[in-house]
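*Asks:* Sharing a structure here in structure tokens format.
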Amino acid sequence: MGPTYRLNQLVWLLHSDNSAGAIRNELVQHLGNTDNVFIADASRGKMAWFNLGPEADARIRKVWTKAGDKSA
């Protein structure tokens with residue numbers, strides 16, 4: 001998918017032309033039922049995740065929307 005750098009045991013930096021959704025879709029094929037992933041696309045202002053649960057889903061959407069809202 002592109003060059004990577006492992007920041008710590010749980011965090012990776014990846015440079016890729018693929019969208020956050022495409023990266024997530026590729027990674028989930030290799031993950032187990034209890035694994036989770038969060039991908040932030042800093043270049044496009046997008047995100048994707050897998051298996052974080054409904055509470056995390058709602059909180060992520062709320063924070064991301066406020067961060068991207070230039071009028072607030």
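Numbering starts fresh at 1 for the residues of each chain in the structure tokens, the chains themselves are lettered A, B, ... in the order given, and ligands are numbered from 1 as they appear.
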When you look at Asn51 of chain A with a cut-off of 10 Å (counting only C-alpha atoms), what residues show up, excluding the ones that are within fewer than 3 positions of it in the same chain? I need them as a list of chain:residue names.

*Replies:*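 Listed by chain and then number, they are A:Val28, A:Gly32, A:Asn33, A:Thr34, A:Asp35, A:Asn36, A:Val37, A:Phe38, A:Pro54, A:Ala56, A:Asp57.
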
*Asks:* Among segment 8-54 of chain A, which residues does DSSP mark as helix (DSSP H, G or I) when it is run on the backbone? Keep the chain and numbering as in the structure and answer as number ranges by chain.

*Replies:* A: 20-28, 54

*Asks:* For the structure I just gave you, how does DSSP split chain A - specifically, which residues are strand (DSSP E or B)? Reply as a PyMOL selection string.

*Replies:* chain A and resi 4-6+12-14+37-41+46-50

*Asks:* Quick one: everything within 8 Å of Pro3 of chain A, counting only C-alpha atoms, minus sequence neighbours fewer than 2 positions away in the same chain. Send it as a PyMOL selection string.

*Replies:* chain A and resi 1+5+14-16

*Asks:* Just how far from atom CA of Ile23 of chain A is atom CA of Arg61 of chain A, in Å to one decimal?

*Replies:*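 Between these atoms lies a distance of 18.9 Å.
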
*Asks:* Enter the distance from atom CA of Ala42 of chain A to atom CA of Leu7 of chain A, in Å, rounded to one decimal.

*Replies:*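 Atom-to-atom, atom CA of Ala42 of chain A to atom CA of Leu7 of chain A, that is 16.1 Å.
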
*Asks:* When you count only C-alpha atoms, which of these residues is closest to Lys46 of chain A: A:Arg59, A:Glu26, A:Gly21, A:Leu31?

*Replies:*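 The shortest atom-to-atom distance to Lys46 of chain A comes from A:Gly21.
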
*Asks:* Could you pull the residues within 12 Å of Ala22 of chain A, counting only C-alpha atoms, minus those fewer than 2 positions along the same chain, as a tab-separated table (two decimals) with all heavy atoms, in the first residue's frame?

*Replies:*
chain	number	residue	atom	x	y	z
A	1	MET	N	0.81	-1.20	0.00
A	1	MET	CA	0.00	0.00	0.00
A	1	MET	C	0.85	1.26	0.00
A	1	MET	O	0.35	2.32	-0.33
A	1	MET	CB	-0.95	0.00	1.19
A	1	MET	CG	-2.10	-0.96	1.02
A	1	MET	SD	-3.33	-0.81	2.33
A	1	MET	CE	-2.75	-2.07	3.44
A	16	SER	N	0.03	6.50	1.42
A	16	SER	CA	-0.61	5.69	0.39
A	16	SER	C	-1.51	6.56	-0.48
A	16	SER	O	-2.07	7.55	0.00
A	16	SER	CB	-1.44	4.58	1.03
A	16	SER	OG	-2.06	3.79	0.06
A	17	ASP	N	-1.65	6.19	-1.73
A	17	ASP	CA	-2.61	6.84	-2.61
A	17	ASP	C	-4.01	6.25	-2.41
A	17	ASP	O	-4.99	6.81	-2.90
A	17	ASP	CB	-2.20	6.67	-4.08
A	17	ASP	CG	-0.95	7.47	-4.42
A	17	ASP	OD1	-0.71	8.50	-3.76
A	17	ASP	OD2	-0.22	7.05	-5.33
A	18	ASN	N	-4.12	5.14	-1.69
A	18	ASN	CA	-5.41	4.50	-1.43
A	18	ASN	C	-6.22	5.33	-0.44
A	18	ASN	O	-5.67	5.99	0.44
A	18	ASN	CB	-5.22	3.10	-0.87
A	18	ASN	CG	-4.55	2.16	-1.83
A	18	ASN	OD1	-4.57	2.39	-3.04
A	18	ASN	ND2	-3.96	1.11	-1.32
A	19	SER	N	-7.54	5.26	-0.55
A	19	SER	CA	-8.41	5.95	0.40
A	19	SER	C	-8.39	5.23	1.75
A	19	SER	O	-7.99	4.06	1.84
A	19	SER	CB	-9.84	5.99	-0.13
A	19	SER	OG	-10.40	4.69	-0.11
A	20	ALA	N	-8.85	5.93	2.78
A	20	ALA	CA	-8.93	5.33	4.11
A	20	ALA	C	-9.83	4.09	4.08
A	20	ALA	O	-9.52	3.07	4.68
A	20	ALA	CB	-9.45	6.34	5.12
A	24	ARG	N	-8.77	0.26	4.99
A	24	ARG	CA	-9.53	-0.51	5.98
A	24	ARG	C	-10.02	-1.83	5.40
A	24	ARG	O	-9.86	-2.89	6.00
A	24	ARG	CB	-10.72	0.30	6.49
A	24	ARG	CG	-11.55	-0.49	7.51
A	24	ARG	CD	-13.00	-0.09	7.58
A	24	ARG	NE	-13.61	0.04	6.28
A	24	ARG	CZ	-14.42	1.04	5.94
A	24	ARG	NH1	-14.71	1.99	6.79
A	24	ARG	NH2	-14.94	1.07	4.73
A	25	ASN	N	-10.59	-1.77	4.22
A	25	ASN	CA	-11.13	-2.98	3.59
A	25	ASN	C	-10.05	-4.02	3.35
A	25	ASN	O	-10.30	-5.22	3.48
A	25	ASN	CB	-11.85	-2.64	2.30
A	25	ASN	CG	-13.10	-1.82	2.53
A	25	ASN	OD1	-13.62	-1.75	3.64
A	25	ASN	ND2	-13.58	-1.18	1.48
A	26	GLU	N	-8.86	-3.59	3.03
A	26	GLU	CA	-7.74	-4.53	2.84
A	26	GLU	C	-7.30	-5.11	4.18
A	26	GLU	O	-7.08	-6.31	4.31
A	26	GLU	CB	-6.58	-3.82	2.16
A	26	GLU	CG	-5.34	-4.68	1.98
A	26	GLU	CD	-5.53	-5.89	1.08
A	26	GLU	OE1	-6.34	-5.82	0.13
A	26	GLU	OE2	-4.85	-6.91	1.31
A	27	LEU	N	-7.17	-4.26	5.20
A	27	LEU	CA	-6.68	-4.72	6.50
A	27	LEU	C	-7.64	-5.67	7.20
A	27	LEU	O	-7.21	-6.64	7.83
A	27	LEU	CB	-6.40	-3.52	7.41
A	27	LEU	CG	-5.22	-2.64	7.00
A	27	LEU	CD1	-5.13	-1.44	7.94
A	27	LEU	CD2	-3.92	-3.43	7.01
A	28	VAL	N	-8.95	-5.42	7.11
A	28	VAL	CA	-9.90	-6.26	7.85
A	28	VAL	C	-9.89	-7.71	7.38
A	28	VAL	O	-10.27	-8.59	8.14
A	28	VAL	CB	-11.34	-5.69	7.83
A	28	VAL	CG1	-11.40	-4.33	8.47
A	28	VAL	CG2	-11.93	-5.66	6.44
A	29	GLN	N	-9.42	-7.94	6.19
A	29	GLN	CA	-9.30	-9.32	5.71
A	29	GLN	C	-8.29	-10.12	6.52
A	29	GLN	O	-8.30	-11.35	6.51
A	29	GLN	CB	-8.89	-9.33	4.24
A	29	GLN	CG	-9.91	-8.70	3.32
A	29	GLN	CD	-9.43	-8.67	1.88
A	29	GLN	OE1	-8.91	-9.67	1.38
A	29	GLN	NE2	-9.60	-7.54	1.24
A	39	ILE	N	-8.28	4.59	11.02
A	39	ILE	CA	-7.43	5.19	9.98
A	39	ILE	C	-7.85	6.63	9.80
A	39	ILE	O	-9.02	6.92	9.55
A	39	ILE	CB	-7.58	4.43	8.65
A	39	ILE	CG1	-7.18	2.97	8.84
A	39	ILE	CG2	-6.76	5.11	7.55
A	39	ILE	CD1	-7.64	2.05	7.74
A	41	ASP	N	-7.05	9.85	7.41
A	41	ASP	CA	-6.43	10.31	6.16
A	41	ASP	C	-6.18	11.80	6.31
A	41	ASP	O	-7.07	12.62	6.08
A	41	ASP	CB	-7.36	10.00	4.99
A	41	ASP	CG	-6.74	10.37	3.65
A	41	ASP	OD1	-5.84	11.22	3.62
A	41	ASP	OD2	-7.19	9.82	2.63
A	46	LYS	N	-10.38	12.58	5.81
A	46	LYS	CA	-11.31	11.45	5.90
A	46	LYS	C	-10.84	10.47	6.96
A	46	LYS	O	-9.69	10.52	7.41
A	46	LYS	CB	-11.41	10.72	4.55
A	46	LYS	CG	-11.84	11.57	3.39
A	46	LYS	CD	-13.29	11.93	3.50
A	46	LYS	CE	-13.72	12.71	2.26
A	46	LYS	NZ	-15.11	13.06	2.32
A	47	MET	N	-11.72	9.57	7.34
A	47	MET	CA	-11.37	8.53	8.30
A	47	MET	C	-12.14	7.27	8.00
A	47	MET	O	-13.15	7.29	7.28
A	47	MET	CB	-11.65	9.00	9.71
A	47	MET	CG	-13.10	9.28	9.95
A	47	MET	SD	-13.36	9.94	11.59
A	47	MET	CE	-15.06	10.39	11.43
A	48	ALA	N	-11.66	6.17	8.53
A	48	ALA	CA	-12.33	4.88	8.43
A	48	ALA	C	-11.93	4.06	9.64
A	48	ALA	O	-10.85	4.25	10.19
A	48	ALA	CB	-11.92	4.17	7.14
A	49	TRP	N	-12.81	3.17	10.07
A	49	TRP	CA	-12.48	2.33	11.21
A	49	TRP	C	-13.21	1.01	11.12
A	49	TRP	O	-14.10	0.83	10.31
A	49	TRP	CB	-12.78	3.04	12.53
A	49	TRP	CG	-14.20	3.46	12.71
A	49	TRP	CD1	-15.21	2.75	13.28
A	49	TRP	CD2	-14.77	4.70	12.33
A	49	TRP	NE1	-16.38	3.47	13.27
A	49	TRP	CE2	-16.13	4.69	12.69
A	49	TRP	CE3	-14.27	5.85	11.70
A	49	TRP	CZ2	-16.98	5.75	12.46
A	49	TRP	CZ3	-15.13	6.91	11.48
A	49	TRP	CH2	-16.45	6.85	11.86
